[in-house]
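Pasted below: entry.csv, CSV, C-alpha atoms and all ligand atoms.
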chain,number,residue,atom,x,y,z
G,217,MET,CA,1.4,14.6,15.9
G,218,THR,CA,-1.1,12.4,14.2
G,219,VAL,CA,-1.0,8.6,14.2
G,220,PHE,CA,-3.4,6.5,12.2
G,221,GLY,CA,-4.5,3.0,13.3
G,222,CYS,CA,-6.8,0.1,12.4
G,223,ARG,CA,-10.5,0.6,13.2
G,224,SER,CA,-11.0,-3.1,13.9
G,225,CYS,CA,-8.1,-3.7,16.4
G,226,ASP,CA,-6.6,-0.2,17.0
G,227,ALA,CA,-3.2,-1.4,16.0
G,228,THR,CA,-0.8,1.5,14.9
G,229,LEU,CA,-0.5,1.8,11.1
G,230,THR,CA,1.7,4.9,10.7
G,231,VAL,CA,4.6,6.7,12.3
G,232,PRO,CA,3.7,10.2,13.7
G,233,VAL,CA,2.8,12.5,10.8
G,234,SER,CA,1.8,16.1,10.3
G,235,ARG,CA,-1.0,17.2,8.1
G,236,VAL,CA,-0.3,19.0,4.8
G,237,ALA,CA,-2.4,20.2,1.9
G,238,LEU,CA,-3.4,17.6,-0.7
G,239,PRO,CA,-1.3,18.5,-3.7
G,240,VAL,CA,-2.8,18.5,-7.2
G,241,HIS,CA,-0.2,15.9,-8.2
G,242,ALA,CA,-1.4,13.5,-5.4
G,243,ASP,CA,-2.6,10.8,-7.8
G,244,GLN,CA,-0.7,11.8,-10.9
G,245,LYS,CA,0.0,9.5,-13.8
G,246,TYR,CA,2.7,11.1,-15.9
G,247,GLY,CA,5.0,10.0,-18.7
G,248,ASN,CA,5.6,6.4,-19.7
G,249,GLY,CA,8.0,5.0,-17.1
G,250,PRO,CA,10.2,3.3,-16.6
G,251,GLY,CA,9.3,3.0,-12.9
G,252,SER,CA,7.1,5.0,-10.7
G,253,LEU,CA,7.1,8.7,-9.8
G,254,ALA,CA,8.5,10.0,-6.5
G,255,PRO,CA,5.9,10.1,-3.6
G,256,ALA,CA,3.8,13.2,-3.7
G,257,LEU,CA,4.4,13.9,0.0
G,258,GLU,CA,7.5,14.4,2.1
G,259,PRO,CA,8.2,11.7,4.8
G,260,GLY,CA,6.4,12.5,8.1
G,261,THR,CA,3.4,14.1,6.4
G,262,PHE,CA,-0.1,13.1,5.4
G,263,ALA,CA,-2.9,14.7,3.4
G,264,VAL,CA,-6.6,14.0,3.2
G,265,ASN,CA,-8.7,13.8,0.0
G,266,PRO,CA,-11.9,15.7,0.9
G,267,LEU,CA,-13.6,14.4,-2.3
G,268,PRO,CA,-15.0,10.9,-3.1
G,269,SER,CA,-12.2,8.8,-4.6
G,270,GLY,CA,-11.6,5.3,-5.8
G,271,SER,CA,-14.2,2.6,-6.4
G,272,PRO,CA,-17.1,2.2,-6.8
G,273,TRP,CA,-17.2,4.1,-10.1
G,274,ARG,CA,-20.3,5.4,-11.8
G,275,ARG,CA,-20.5,5.7,-15.6
G,276,TRP,CA,-21.3,9.3,-16.7
G,277,ALA,CA,-24.1,8.1,-19.0
G,278,GLU,CA,-25.9,6.5,-16.0
G,279,LEU,CA,-26.1,9.7,-13.9
G,280,GLU,CA,-29.4,11.4,-13.3
G,281,ALA,CA,-30.0,14.9,-14.7
G,282,GLY,CA,-28.2,17.5,-12.4
G,283,GLU,CA,-26.5,14.8,-10.4
G,284,ALA,CA,-23.1,15.4,-11.8
G,285,GLU,CA,-23.2,19.1,-11.1
G,286,ALA,CA,-24.4,18.4,-7.6
G,287,LEU,CA,-21.2,16.4,-7.2
G,288,GLY,CA,-19.1,19.2,-8.5
G,289,TRP,CA,-18.5,18.0,-12.1
G,290,TYR,CA,-19.4,20.5,-14.8
G,291,ALA,CA,-18.2,18.7,-17.9
G,292,PRO,CA,-18.5,15.0,-18.9
G,293,ARG,CA,-16.2,12.4,-17.6
G,294,PHE,CA,-16.0,8.7,-18.6
G,295,SER,CA,-16.9,7.8,-15.0
G,296,ILE,CA,-16.8,9.5,-11.6
G,297,SER,CA,-15.9,8.1,-8.2
G,298,ALA,CA,-18.7,7.2,-5.8
G,299,GLY,CA,-16.0,6.0,-3.3
G,300,PRO,CA,-15.5,7.3,0.3
G,301,VAL,CA,-14.4,10.8,1.1
G,302,GLY,CA,-11.4,11.2,3.4
G,303,ARG,CA,-8.8,8.9,1.9
G,304,VAL,CA,-5.5,9.6,3.6
G,305,LEU,CA,-2.3,9.9,1.5
G,306,LEU,CA,1.0,8.9,3.0
G,307,ALA,CA,4.6,8.4,1.8
G,308,PRO,CA,4.9,4.6,1.7
G,309,GLY,CA,7.9,4.7,4.2
G,310,ASP,CA,5.6,6.1,6.9
G,311,VAL,CA,3.4,3.0,7.1
G,312,ARG,CA,3.8,0.5,9.9
G,313,GLY,CA,2.0,-2.8,10.8
G,314,ALA,CA,0.4,-3.3,7.4
G,315,VAL,CA,1.5,-5.6,4.6
G,316,ILE,CA,0.6,-6.2,0.9
G,317,ASP,CA,-1.7,-9.1,0.6
G,318,PRO,CA,-1.0,-10.9,-2.7
G,319,ALA,CA,-4.6,-12.2,-2.7
G,320,LEU,CA,-5.9,-8.6,-2.9
G,321,VAL,CA,-3.6,-7.5,-5.6
G,322,GLY,CA,-5.6,-7.0,-8.8
G,323,ASP,CA,-4.4,-7.6,-12.3
G,324,SER,CA,-5.0,-4.2,-13.8
G,325,ALA,CA,-1.5,-2.9,-13.2
G,326,CYS,CA,1.5,-3.1,-15.5
G,327,CYS,CA,4.7,-3.9,-13.6
G,328,GLY,CA,3.8,-2.6,-10.1
G,329,LEU,CA,0.7,-2.1,-7.9
G,330,ASP,CA,-2.3,-0.1,-8.8
G,331,GLY,CA,-6.1,-0.1,-8.2
G,332,SER,CA,-8.7,1.5,-6.2
G,333,GLU,CA,-9.4,-1.4,-3.7
G,334,PRO,CA,-7.3,-2.0,-0.6
G,335,ASN,CA,-4.4,-4.3,-1.3
G,336,MET,CA,-2.7,-3.9,2.2
G,337,VAL,CA,-4.0,-5.6,5.3
G,338,CYS,CA,-3.5,-4.8,9.0
G,339,VAL,CA,-0.8,-7.3,10.3
G,340,THR,CA,-2.6,-7.6,13.6
G,341,CYS,CA,-6.1,-8.5,12.5
G,342,GLY,CA,-6.0,-9.0,8.7
G,343,THR,CA,-8.5,-6.2,7.9
G,344,PRO,CA,-7.8,-4.6,4.5
G,345,VAL,CA,-6.7,-1.0,5.4
G,346,ALA,CA,-4.8,0.7,2.6
G,347,ILE,CA,-4.0,0.8,-1.1
G,348,ARG,CA,-0.3,0.6,-2.1
G,349,ILE,CA,0.5,2.2,-5.5
G,350,ASP,CA,3.8,1.9,-7.3
G,351,ASP,CA,3.0,1.1,-10.9
G,352,CYS,CA,5.0,2.6,-13.6
G,353,SER,CA,4.2,6.3,-14.3
G,354,LEU,CA,2.2,6.6,-11.0
G,355,ARG,CA,3.0,8.4,-7.8
G,356,GLN,CA,4.4,6.1,-5.1
G,357,ALA,CA,1.7,6.2,-2.5
G,358,VAL,CA,-0.2,4.5,0.3
G,359,TRP,CA,-3.8,5.6,0.6
G,360,LEU,CA,-5.5,4.7,3.9
G,361,ASP,CA,-9.1,3.5,3.6
G,362,PRO,CA,-11.2,5.8,5.8
G,363,LEU,CA,-13.7,3.1,6.3
G,364,THR,CA,-11.2,0.8,8.1
G,365,THR,CA,-8.7,3.2,9.6
G,366,HIS,CA,-8.9,6.2,11.9
G,367,VAL,CA,-6.9,8.7,13.9
G,368,ILE,CA,-5.7,7.1,17.1
G,369,GLU,CA,-3.5,10.0,18.3
G,370,ASP,CA,-3.7,13.6,17.4
G,371,GLY,CA,-1.7,16.8,18.1
G,372,PRO,CA,0.9,19.0,16.6
G,373,GLY,CA,3.2,16.9,14.4
G,374,PRO,CA,6.9,16.8,13.6
G,375,HIS,CA,6.5,19.6,11.1
G,376,PRO,CA,5.1,22.8,12.6
G,377,VAL,CA,3.1,25.0,10.3
G,378,LEU,CA,5.3,27.7,8.8
G,379,ASP,CA,4.1,31.2,8.1
G,380,TRP,CA,4.7,32.7,4.6
G,381,ALA,CA,8.0,34.4,5.7
G,382,ASP,CA,9.3,31.1,7.0
G,383,LEU,CA,8.3,29.4,3.8
G,384,ILE,CA,10.3,31.9,1.8
G,385,ASP,CA,13.4,31.1,4.0
G,386,GLN,CA,12.9,27.3,4.4
G,387,ARG,CA,11.3,26.0,1.2
G,388,PRO,CA,13.4,27.3,-1.7
G,389,GLY,CA,11.2,25.8,-4.5
G,390,ILE,CA,11.9,23.3,-7.2
G,391,PRO,CA,13.2,24.1,-10.7
G,392,PRO,CA,11.1,23.0,-13.6
G,393,SER,CA,13.8,20.6,-14.7
G,394,GLU,CA,17.2,19.5,-13.8
G,395,PRO,CA,19.9,19.9,-16.5
G,396,GLY,CA,19.7,17.0,-18.9
G,397,SER,CA,16.4,15.7,-17.6
G,398,GLY,CA,12.8,16.3,-18.5
G,399,TRP,CA,10.1,18.3,-16.8
G,400,ASP,CA,9.6,17.8,-13.1
G,401,PRO,CA,6.2,16.0,-12.9
G,402,MET,CA,5.1,18.4,-10.1
G,403,TRP,CA,5.6,21.3,-12.4
G,404,ALA,CA,3.6,19.6,-15.2
G,405,ALA,CA,0.8,19.1,-12.7
G,406,THR,CA,0.7,22.5,-11.1
G,407,ALA,CA,1.1,24.3,-14.5
G,408,ALA,CA,-1.8,22.2,-15.9
G,409,SER,CA,-4.0,23.2,-12.9
G,410,ALA,CA,-3.1,26.9,-13.2
G,411,LEU,CA,-3.9,26.8,-16.9
G,412,ALA,CA,-7.3,25.5,-16.2
G,413,HIS,CA,-7.9,28.2,-13.6
G,414,LEU,CA,-6.5,30.8,-15.9
G,415,LEU,CA,-8.7,29.8,-18.8
G,416,ALA,CA,-11.8,29.8,-16.5
G,417,ALA,CA,-11.0,33.2,-15.1
G,418,SER,CA,-10.3,34.7,-18.5
G,419,GLY,CA,-13.0,33.0,-20.5
G,420,GLY,CA,-10.4,32.1,-23.1
G,421,GLU,CA,-9.6,35.7,-23.9
G,422,PRO,CA,-5.9,36.6,-24.8
G,423,ILE,CA,-3.6,37.1,-21.9
G,424,LEU,CA,-0.4,39.2,-21.8
G,425,ILE,CA,2.4,37.8,-19.6
G,426,PRO,CA,5.1,40.4,-19.0
G,427,ASP,CA,7.4,38.2,-16.9
G,428,HIS,CA,9.5,36.2,-19.4
G,429,GLN,CA,9.9,33.2,-17.1
G,430,VAL,CA,6.2,33.0,-16.4
G,431,ALA,CA,5.6,33.4,-20.2
G,432,GLU,CA,8.0,30.6,-21.0
G,433,VAL,CA,5.8,28.2,-18.9
G,434,PHE,CA,2.4,29.3,-19.9
G,435,ARG,CA,2.4,31.2,-23.2
G,436,PRO,CA,3.1,28.3,-25.7
G,437,THR,CA,0.3,26.2,-24.3
G,438,LEU,CA,-2.1,29.2,-24.0
G,439,GLU,CA,-1.4,30.1,-27.7
G,440,ARG,CA,-2.1,26.5,-28.7
G,441,LEU,CA,-5.4,26.5,-26.8
G,442,VAL,CA,-6.8,30.0,-27.4
G,443,GLY,CA,-4.8,31.2,-30.4
G,444,PRO,CA,-2.0,33.8,-30.7
G,445,VAL,CA,-1.9,36.7,-28.3
G,446,GLY,CA,-2.3,40.1,-30.0
G,447,THR,CA,-5.9,40.6,-30.8
G,448,GLY,CA,-8.8,41.5,-28.6
G,449,PRO,CA,-8.7,43.2,-25.2
G,450,GLU,CA,-5.6,41.8,-23.6
G,451,ARG,CA,-5.5,41.3,-20.0
G,452,THR,CA,-2.3,40.7,-17.9
G,453,LEU,CA,-1.0,37.9,-15.7
G,454,VAL,CA,1.6,38.6,-13.1
G,455,LEU,CA,3.1,36.9,-10.0
G,456,ALA,CA,1.8,38.0,-6.6
G,457,GLY,CA,2.6,36.7,-3.1
G,458,PRO,CA,4.9,37.1,-0.1
G,459,GLY,CA,7.8,39.3,-0.8
G,460,LEU,CA,6.3,40.7,-4.0
G,461,PRO,CA,4.5,44.0,-4.6
G,462,ASP,CA,0.7,44.0,-4.8
G,463,ALA,CA,-0.5,42.7,-8.1
G,464,ASP,CA,-1.5,45.4,-10.6
G,465,ALA,CA,-3.0,43.1,-13.2
G,466,ASP,CA,-6.1,41.2,-14.1
G,467,PHE,CA,-4.8,37.8,-13.0
G,468,ALA,CA,-2.2,36.9,-10.3
G,469,LEU,CA,-0.3,33.7,-10.0
G,470,ILE,CA,-0.4,33.2,-6.2
G,471,PRO,CA,1.1,30.5,-4.1
G,472,GLU,CA,-0.9,27.8,-2.2
G,473,HIS,CA,0.4,27.2,1.3
G,474,PRO,CA,1.9,23.7,1.1
G,475,GLN,CA,0.8,22.8,4.6
G,476,THR,CA,-2.5,24.6,5.2
G,477,GLY,CA,-3.7,24.9,1.6
G,478,GLU,CA,-4.4,28.6,2.2
G,479,LEU,CA,-4.2,30.8,-0.9
G,480,TRP,CA,-2.2,34.0,-0.8
G,481,PRO,CA,-4.9,36.7,-0.7
G,482,VAL,CA,-5.3,39.2,-3.5
G,483,ALA,CA,-7.8,42.1,-3.5
G,484,PRO,CA,-10.5,42.1,-6.1
G,485,PRO,CA,-10.8,42.7,-9.0
G,486,VAL,CA,-7.5,40.8,-9.3
G,487,LYS,CA,-8.4,37.1,-9.9
G,488,PRO,CA,-6.1,34.6,-8.2
G,489,ILE,CA,-4.6,31.7,-10.1
G,490,PRO,CA,-3.2,29.2,-7.6
G,491,LEU,CA,0.2,27.6,-8.1
G,492,ALA,CA,2.0,25.0,-5.9
G,493,TRP,CA,4.4,26.7,-3.5
G,494,ASP,CA,7.5,24.9,-4.8
G,495,ALA,CA,6.8,26.1,-8.4
G,496,TRP,CA,5.7,29.6,-7.4
G,497,ARG,CA,8.7,30.1,-5.1
G,498,HIS,CA,11.0,29.2,-7.9
G,499,LEU,CA,9.3,31.4,-10.5
G,500,ALA,CA,9.1,34.4,-8.1
G,501,PHE,CA,12.7,34.4,-6.7
G,502,HIS,CA,15.0,32.4,-9.0
G,503,GLN,CA,15.2,35.0,-11.7
G,504,ALA,CA,17.6,34.1,-14.5
G,505,PRO,CA,21.0,35.7,-13.8
G,506,LYS,CA,21.4,39.0,-15.6
G,507,PRO,CA,24.8,39.7,-17.2
G,508,VAL,CA,26.8,42.2,-15.2
G,509,GLY,CA,27.7,45.7,-16.5
G,510,ARG,CA,24.9,46.1,-19.0
G,511,SER,CA,22.9,49.3,-18.8
G,512,VAL,CA,20.7,48.7,-21.8
G,513,PRO,CA,17.5,46.6,-21.4
G,514,ILE,CA,17.9,43.0,-22.3
G,515,PRO,CA,15.2,41.6,-24.6
G,516,PRO,CA,13.6,38.5,-23.1
G,517,GLU,CA,14.8,36.3,-25.9
G,518,ALA,CA,18.4,37.1,-25.0
G,519,LEU,CA,18.0,35.8,-21.4
G,520,PRO,CA,19.0,32.2,-20.6
G,521,ALA,CA,16.1,29.8,-21.1
G,522,LEU,CA,14.4,28.7,-17.9
G,523,LEU,CA,13.2,25.5,-19.5
G,524,PRO,CA,14.7,22.6,-21.3
G,525,GLY,CA,14.9,23.0,-25.0
G,526,TYR,CA,11.9,20.9,-25.8
G,527,ARG,CA,8.2,21.5,-25.6
G,528,PHE,CA,6.6,21.6,-22.2
G,529,GLU,CA,3.8,19.2,-21.8
G,530,PRO,CA,1.5,20.2,-19.0
G,531,ASP,CA,-0.2,17.2,-17.5
G,532,GLY,CA,-3.3,16.7,-19.7
G,533,PRO,CA,-5.4,14.5,-17.5
G,534,ILE,CA,-4.9,16.9,-14.5
G,535,PHE,CA,-5.8,19.9,-16.8
G,536,LEU,CA,-9.0,18.2,-17.8
G,537,SER,CA,-10.0,17.1,-14.3
G,538,VAL,CA,-9.4,20.5,-12.8
G,539,LEU,CA,-11.2,22.2,-15.7
G,540,ALA,CA,-14.2,19.8,-15.3
G,541,ARG,CA,-14.6,20.9,-11.7
G,542,LEU,CA,-14.8,24.6,-12.6
G,543,PRO,CA,-18.3,25.9,-13.4
G,544,GLU,CA,-16.9,28.1,-16.1
G,545,VAL,CA,-16.2,25.1,-18.3
G,546,ARG,CA,-19.9,25.3,-19.2
G,547,GLN,CA,-19.1,28.4,-21.3
G,548,PRO,CA,-19.1,27.2,-25.0
G,549,ARG,CA,-15.5,28.5,-25.7
G,550,LEU,CA,-14.1,26.6,-22.7
G,551,ARG,CA,-16.2,23.5,-23.3
G,552,ALA,CA,-14.7,23.4,-26.9
G,553,ILE,CA,-11.2,23.4,-25.4
G,554,TYR,CA,-12.3,20.7,-23.0
G,555,GLU,CA,-13.7,18.5,-25.8
G,556,ARG,CA,-10.5,18.7,-27.7
G,557,GLY,CA,-8.7,16.9,-25.0
G,558,ARG,CA,-11.5,14.7,-23.6
G,559,PRO,CA,-11.1,11.8,-26.1
G,560,TYR,CA,-7.5,11.6,-24.8
G,561,ASN,CA,-8.4,11.7,-21.2
G,562,HIS,CA,-5.9,9.0,-20.3
G,563,THR,CA,-3.0,10.4,-22.3
G,564,PHE,CA,-1.5,13.9,-22.6
G,565,TYR,CA,-2.2,14.8,-26.2
G,566,ILE,CA,-4.4,17.7,-25.4
G,567,PHE,CA,-1.7,20.3,-25.9
D,1,ZN,ZN,5.1,-1.0,-16.3
D,2,ZN,ZN,-6.3,-4.4,12.7
So, in terms of structure tokens, how does the structure I just supplied come out?
Ligand SMILES: [Zn+2]
Ligand SMILES: [Zn+2]
Amino acid sequence: MTVFGCRSCDATLTVPVSRVALPVHADQKYGNGPGSLAPALEPGTFAVNPLPSGSPWRRWAELEAGEAEALGWYAPRFSISAGPVGRVLLAPGDVRGAVIDPALVGDSACCGLDGSEPNMVCVTCGTPVAIRIDDCSLRQAVWLDPLTTHVIEDGPGPHPVLDWADLIDQRPGIPPSEPGSGWDPMWAATAASALAHLLAASGGEPILIPDHQVAEVFRPTLERLVGPVGTGPERTLVLAGPGLPDADADFALIPEHPQTGELWPVAPPVKPIPLAWDAWRHLAFHQAPKPVGRSVPIPPEALPALLPGYRFEPDGPIFLSVLARLPEVRQPRLRAIYERGRPYNHTFYIF
């Protein structure tokens, strides 16, 4: 198990937690409230952001030539973080011995807490140690500041690492929406990330999606971004992963291990398109029930819809930020798609 503490006084700041992969929806802003989004992590777990995050921010226009690419950004952003690497994400209920300091709470938020500077202090010594976030439309979170916190106990945690077979048994996945409600924000995030990877891998060429549930998620948005499928050399996208046959296609939607971040391996020339485990597991194994006693093939449009009856909005800001970190975005065709959404970087009008 891992326990984090204050660098200044070594006071304990968390319950014992186990490391998991940083999900793409870790710092998601989705929808328009009311209220915040559920924490990105399960209780008893933590994740580390390996990239710079939070303040200070640097304006894009002020970067030197080549500097952005050296930092892994291949398309313009309004500003990029020059903050510390290694911020630690926790579910807020796992924090101990730290409190919100009203004097450190900025005024940039709407009805909750937001910001990229610590607003929680160590109870024992008063050092600012973490950022609590719970503003409307944001993921409930505590981010530990790596400059003022550190690991004080390390070892295997309360959640042992599962192998792929155990994952199939123990993590059944999450449906894209519950009846009567909108899209699960995790789905909007992982689909947006997968779309960015798919566009980068395909160069924006048309893609055929034989599985009707996968097509329901991706085809409408792909058609809006790259035009209708049916012209040009079509390539195919299928699901691949534990319990499924080897992919015989150009692109394979593969699961990311939710604890280790490992990607399910596929053999070249199949190009992997990562999807969050909980979405992949649902797509791969929760096939729509087929009517009993039919021997004729059922056209896809006759099957029950996987999705709510209104348009799926993948998470636009996540799509743009993932695409901006893929070198392929420098291709003119992909850059044009990126520019369509960039003016709306803080909204989700790209699709
Ligand atoms: Zn609000
Ligand atoms: Zn302290």
Within 8 Å of ligand ZN 1 (chain D): each chain G residue with its shortest pair, all atoms listed in the file, as a tab-separated table:
residue	atom	partner	partner_atom	distance
G:Gly249	CA	D:ZN1	ZN	6.7
G:Pro250	CA	D:ZN1	ZN	6.7
G:Gly251	CA	D:ZN1	ZN	6.7
G:Ala325	CA	D:ZN1	ZN	7.5
G:Cys326	CA	D:ZN1	ZN	4.2
G:Cys327	CA	D:ZN1	ZN	4.0
G:Gly328	CA	D:ZN1	ZN	6.5
G:Asp351	CA	D:ZN1	ZN	6.2
G:Cys352	CA	D:ZN1	ZN	4.5
G:Ser353	CA	D:ZN1	ZN	7.6
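Separating CA of Phe535 in chain G from CA of Asp400 in chain G is a distance of 16.0 Å.
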Give one line per residue of chain G that approaches ligand ZN 2 (chain D) to at most 9 Å, naming the two atoms of the closest pair and their distance in Å to one decimal, counting all atoms listed in the file; sort by chain then ascending residue number and deliver it as CSV.
residue,atom,partner,partner_atom,distance
G:Gly221,CA,D:ZN2,ZN,7.6
G:Cys222,CA,D:ZN2,ZN,4.5
G:Arg223,CA,D:ZN2,ZN,6.5
G:Ser224,CA,D:ZN2,ZN,5.0
G:Cys225,CA,D:ZN2,ZN,4.2
G:Asp226,CA,D:ZN2,ZN,6.0
G:Ala227,CA,D:ZN2,ZN,5.4
G:Thr228,CA,D:ZN2,ZN,8.4
G:Leu229,CA,D:ZN2,ZN,8.6
G:Gly313,CA,D:ZN2,ZN,8.7
G:Ala314,CA,D:ZN2,ZN,8.6
G:Val337,CA,D:ZN2,ZN,7.8
G:Cys338,CA,D:ZN2,ZN,4.7
G:Val339,CA,D:ZN2,ZN,6.7
G:Thr340,CA,D:ZN2,ZN,5.0
G:Cys341,CA,D:ZN2,ZN,4.1
G:Gly342,CA,D:ZN2,ZN,6.1
G:Thr343,CA,D:ZN2,ZN,5.6
G:Pro344,CA,D:ZN2,ZN,8.3
G:Val345,CA,D:ZN2,ZN,8.1
G:Thr364,CA,D:ZN2,ZN,8.5
G:Thr365,CA,D:ZN2,ZN,8.6
Give me, as JSON lines, the closest atom pair and its distance (Å, one decimal) for every residue of range 262-289 of chain G within a cut-off of 8 Å of range 297-300 of chain G, counting only C-alpha atoms, rows sorted by chain and rising number.
{"residue": "G:Leu267", "atom": "CA", "partner": "G:Pro300", "partner_atom": "CA", "distance": 7.8}
{"residue": "G:Pro268", "atom": "CA", "partner": "G:Pro300", "partner_atom": "CA", "distance": 5.0}
{"residue": "G:Ser269", "atom": "CA", "partner": "G:Gly299", "partner_atom": "CA", "distance": 4.9}
{"residue": "G:Gly270", "atom": "CA", "partner": "G:Gly299", "partner_atom": "CA", "distance": 5.1}
{"residue": "G:Ser271", "atom": "CA", "partner": "G:Gly299", "partner_atom": "CA", "distance": 4.9}
{"residue": "G:Pro272", "atom": "CA", "partner": "G:Gly299", "partner_atom": "CA", "distance": 5.3}
{"residue": "G:Trp273", "atom": "CA", "partner": "G:Ser297", "partner_atom": "CA", "distance": 4.6}
{"residue": "G:Arg274", "atom": "CA", "partner": "G:Ser297", "partner_atom": "CA", "distance": 6.3}
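The space between CA of Arg275 in chain G and CA of Val321 in chain G spans 23.7 Å.
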Hey, which bits of range 454-476 of chain G sit within 12 Å of range 373-397 of chain G, and for each residue what's the closest pair of atoms and how far apart in Å (one decimal), counting only C-alpha atoms, rows by chain and increasing number, as CSV?
residue,atom,partner,partner_atom,distance
G:Gly457,CA,G:Trp380,CA,8.9
G:Pro458,CA,G:Trp380,CA,6.4
G:Gly459,CA,G:Ala381,CA,8.1
G:Leu460,CA,G:Ile384,CA,11.3
G:Ile470,CA,G:Trp380,CA,12.0
G:Pro471,CA,G:Trp380,CA,9.7
G:Glu472,CA,G:Trp380,CA,10.1
G:His473,CA,G:Trp380,CA,7.7
G:Pro474,CA,G:Leu383,CA,9.0
G:Gln475,CA,G:Val377,CA,6.5
G:Thr476,CA,G:Val377,CA,7.6
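Minimum distance to Asp243 in chain G across G:Ala256, G:Val231, G:Ile553, G:Val315 (counting only C-alpha atoms) occurs at G:Ala256.
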Find the residues around Thr261 in chain G up to 9 Å (all atoms listed in the file counted), leave out those fewer than 2 positions away in its own chain, and share them as a JSON list (two decimals) with C-alpha atoms, in the coordinates of the input.
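See part_9.json below for the written result:
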[["chain", "number", "residue", "atom", "x", "y", "z"],
["G", 232, "PRO", "CA", 3.70, 10.20, 13.70],
["G", 233, "VAL", "CA", 2.80, 12.50, 10.80],
["G", 234, "SER", "CA", 1.80, 16.10, 10.30],
["G", 235, "ARG", "CA", -1.00, 17.20, 8.10],
["G", 236, "VAL", "CA", -0.30, 19.00, 4.80],
["G", 257, "LEU", "CA", 4.40, 13.90, 0.00],
["G", 258, "GLU", "CA", 7.50, 14.40, 2.10],
["G", 259, "PRO", "CA", 8.20, 11.70, 4.80],
["G", 263, "ALA", "CA", -2.90, 14.70, 3.40],
["G", 305, "LEU", "CA", -2.30, 9.90, 1.50],
["G", 306, "LEU", "CA", 1.00, 8.90, 3.00],
["G", 307, "ALA", "CA", 4.60, 8.40, 1.80],
["G", 310, "ASP", "CA", 5.60, 6.10, 6.90],
["G", 373, "GLY", "CA", 3.20, 16.90, 14.40],
["G", 374, "PRO", "CA", 6.90, 16.80, 13.60],
["G", 375, "HIS", "CA", 6.50, 19.60, 11.10]]
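Distances here use only C-alpha atoms; by that measure, the residue among G:Val301, G:Ala465, G:Leu354, G:Ile347 closest to Pro426 in chain G is G:Ala465.
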Residue nearest Arg556 in chain G among G:Ala357, G:Leu415, G:Ala405, G:Leu536 (counting all atoms listed in the file): G:Leu536
N, CA and C atoms restored at range 373-385 of chain G, emitted as a compact mmCIF listing (two decimals), in the frame of the given file:
# COMPACT_ATOMS: atom_id res chain seq x y z
N GLY G 373 2.34 17.99 14.91
CA GLY G 373 3.20 16.90 14.40
C GLY G 373 4.67 17.34 14.36
N PRO G 374 5.48 16.49 13.72
CA PRO G 374 6.90 16.80 13.60
C PRO G 374 7.24 17.99 12.76
N HIS G 375 6.28 18.43 11.93
CA HIS G 375 6.50 19.60 11.10
C HIS G 375 5.58 20.71 11.42
N PRO G 376 6.03 21.68 12.26
CA PRO G 376 5.10 22.80 12.60
C PRO G 376 4.75 23.59 11.39
N VAL G 377 3.57 24.23 11.47
CA VAL G 377 3.10 25.00 10.30
C VAL G 377 3.94 26.30 10.22
N LEU G 378 4.47 26.53 9.04
CA LEU G 378 5.30 27.70 8.80
C LEU G 378 4.43 28.87 8.33
N ASP G 379 4.84 30.10 8.70
CA ASP G 379 4.10 31.20 8.10
C ASP G 379 4.81 31.53 6.73
N TRP G 380 4.22 32.50 6.00
CA TRP G 380 4.70 32.70 4.60
C TRP G 380 6.17 33.14 4.63
N ALA G 381 6.58 33.95 5.63
CA ALA G 381 8.00 34.40 5.70
C ALA G 381 8.91 33.20 5.91
N ASP G 382 8.51 32.29 6.80
CA ASP G 382 9.30 31.10 7.00
C ASP G 382 9.40 30.22 5.78
N LEU G 383 8.29 30.16 5.06
CA LEU G 383 8.30 29.40 3.80
C LEU G 383 9.34 29.91 2.85
N ILE G 384 9.36 31.24 2.71
CA ILE G 384 10.30 31.90 1.80
C ILE G 384 11.75 31.42 2.21
N ASP G 385 12.02 31.42 3.53
CA ASP G 385 13.40 31.10 4.00
C ASP G 385 13.65 29.57 3.88
